[in-house]
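J.: Quick one: the structure is below, and I'll ask about it shortly.
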Amino acid sequence: MPGDTSFDRASADDRPGRRALILVENLSVPFDRRVWQECTTLRDAGWEVHVICPRGGKRDTEPEAEIDGVRIHRYPLRAATGGPAGYLREYGSALWHTFRLAREVGPVHVVHACNPPDLLFLPALWLKRRGARFVFDQHDLVPELYLSRFGRGEDLLYRAVCALERLTYRAADVVLATNESYRDVAVRRGGRRPSDVFVVRSAPDTDRFRPVPPEPELRRGKAHLLCYLGVMGPQDGVDYALRALAKLRDEHGRTDWHAVFVGAGDTFDAMVELSRRLGLADRVEFTGRVPDADLVRYLCTADVCLSPDPHNPLNDVSTMNKVLEYMVMGRPVVSFDLREARVSAGDAAVYAPGNDESEFARLIARLLDDPEKRDLMGKAGRERISGPLSWRNSQAALLAAYAAACDGRTPAPKGGPLRAGRRPRR
């Protein structure tokens, strides 16, 4: 974020002309908040930053944009449907467009590839042969994602994604891990030296999340508001949250709440239908994605926030961005007992045993009856976000990783011919 990287400004001014290319397939930019924070951190440290990413559906739709000095090159991409075969089609299209746009961007000093998928090492290797250094930013553990999302076991496709992960680790000069669990995987499974793996935690954008007064009308006439924020995919546990809310009503006799689910994803329609089947349609509201201002209104009015990610191989070791966003707004959290959820939230959350919907409901009821505890948990969350989990700490780790990738020097990319008749877009 602007203003937070002045500690590197002097060193940046001594090394002008450095170019970084960030490759993203999973989300558009700047909608991908982690990638956008990395972009602005590098920009403030003196890098010329380019991004190649897919176009968004309702935002980030322009093929090219320059936003706050970051140059973004976007390609059309149809999201996968129909299981693994759909993902192969999606990834093949993304790779073709990534190679095409990378040629137009031209030589760079660092190529920074963000997974999933673990296929972006292919354009990264092509750029390495032209003199770039390769930073692998591991947002997800794709083998664990495969097991958690498809439930197919360790089949041929699982072994294929494991092989792609190994190739990506091998090709990278340095690895960025989102937490210590991912760092351990990079060292243990990826064979990377500990000195080559840097923990760059995701952190909320405090410019985006500024508290506003609560709006009681968002509770729809009820005493309390419950809030879920995030993606709605097979591994995200929205179904667990809905079943827990049905138990809150049926087992605890609680009808004094309204719940809002903010976000979208592959299972959005299925979750709306599940809420109807559970008899929750009159008290559960699905907003889809909303503007930041509306998101902040919901969070500032919420009494309890929900993090229902079930215990599985991926979620247990992953940092949930929604938990961090709840914390920056001072909201208490109910979560299943996941290793990295405890690392992130600490005393800002209460934890139900893995996938125990009845206990999840009981913890919601307990917090609704204890405003003093909710306040203490909210304060604990804000303190963690402003301290050990702050983005400033991640900025320092990111810049240290780039310095290590470049071995303390600016590499010299090879020019080479671009596509005939084309020049890098400026």
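Identifiers for the structure tokens are assigned positionally: chains receive A, B, ... in sequence, residues are indexed from 1 per chain, and ligands are indexed from 1 in the order shown.
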Using only C-alpha atoms, which residues sit within 12 Å of Lys58 (chain A) once same-chain residues fewer than 4 positions away are excluded, as number ranges by chain?

T.: A: 28, 31, 62, 288-291

J.: Show which residues sit within 12 Å of region 180-192 of chain A, as JSON, numbers by chain. Count only C-alpha atoms, and ignore same-chain residues fewer than 5 positions away.

T.: {"A": [136, 137, 138, 139, 140, 141, 142, 143, 144, 162, 163, 164, 165, 166, 167, 168, 169, 170, 171, 172, 173, 174, 175, 197, 198, 199, 200, 201, 313, 314, 315, 316, 317, 318, 319, 338, 339, 340, 341, 343, 344]}

J.: Between A:Asn312, A:Thr206, A:Thr255, A:Gln395, which one has atoms that come closest to Asp282 (chain A), using only C-alpha atoms?

T.: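 Of all the options, A:Thr255 lies closest to Asp282 (chain A).
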
J.: For the interface of region 75-188 of chain A with region 49-56 of chain A (cut-off 12 Å, counting only C-alpha atoms), please tabulate each contacting residue of region 75-188 of chain A alongside its nearest pair of atoms and their separation in Å to one decimal, rows sorted by chain and increasing number, as CSV.

T.:
```
residue,atom,partner,partner_atom,distance
A:Tyr75,CA,A:Pro54,CA,4.8
A:Pro76,CA,A:Arg55,CA,5.5
A:Leu77,CA,A:Pro54,CA,5.9
A:Arg78,CA,A:Pro54,CA,9.1
A:Ala79,CA,A:Pro54,CA,9.9
A:Glu90,CA,A:Pro54,CA,10.8
A:Tyr91,CA,A:Pro54,CA,11.1
A:Ser93,CA,A:Pro54,CA,10.3
A:Ala94,CA,A:Pro54,CA,7.6
A:Leu95,CA,A:Cys53,CA,10.5
A:Trp96,CA,A:Ile52,CA,11.8
A:His97,CA,A:Ile52,CA,8.8
A:Thr98,CA,A:Ile52,CA,6.6
A:Phe99,CA,A:Ile52,CA,9.6
A:Arg100,CA,A:Ile52,CA,10.0
A:Leu101,CA,A:Ile52,CA,7.1
A:Ala102,CA,A:Ile52,CA,7.6
A:Arg103,CA,A:Ile52,CA,11.1
A:Glu104,CA,A:Ile52,CA,10.7
A:Val105,CA,A:His50,CA,7.7
A:Gly106,CA,A:His50,CA,10.3
A:Pro107,CA,A:His50,CA,11.1
A:Val108,CA,A:His50,CA,9.2
A:His109,CA,A:Val49,CA,10.4
A:Val110,CA,A:Val49,CA,9.7
A:Val111,CA,A:His50,CA,9.6
A:His112,CA,A:Val51,CA,9.2
A:Ala113,CA,A:Ile52,CA,9.7
A:Cys114,CA,A:Cys53,CA,10.1
A:Asn115,CA,A:Cys53,CA,11.6
A:Leu120,CA,A:Ile52,CA,11.2
A:Pro123,CA,A:Ile52,CA,11.3
```

J.: Could you pull out the residues in region 238-307 of chain A that DSSP calls helix (DSSP H, G or I) from the backbone, as a PyMOL selection string?

T.: chain A and resi 238-250+268-277+292-301

J.: Can you measure CA of Pro332 (chain A) to CA of Arg366 (chain A) for me? One decimal in Å is fine.

T.: 11.8 Å

J.: Calculate how many Å separate CA of Pro214 (chain A) from CA of Glu251 (chain A), rounding to one decimal.

T.: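 Answer for the CA of Pro214 (chain A) to CA of Glu251 (chain A) separation: 29.0 Å.
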
J.: To one decimal place, how far is CA of Phe134 (chain A) from CA of Ala20 (chain A) in Å?

T.: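 Rounded to one decimal, the two atoms are 10.0 Å apart.
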
J.: Taking into account only C-alpha atoms, which residue in the set A:Gly230, A:Pro63, A:Gly237, A:Pro308 is nearest to Gly263 (chain A)?

T.: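 Closest residue, counting only C-alpha atoms: A:Gly230.
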
J.: Mind checking which residues fall within 9 Å of Leu299 (chain A), counting only C-alpha atoms, ignoring those fewer than 6 positions away in the same chain, and posting them as a PyMOL selection string?

T.: chain A and resi 211+214+226-229+305+325-326+329-331

J.: From the options A:Arg149, A:Arg342, A:Arg384, A:Arg374, which residue's atoms come nearest to Ala302 (chain A), counting only C-alpha atoms?

T.: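 For Ala302 (chain A), the nearest of the candidates is A:Arg374.
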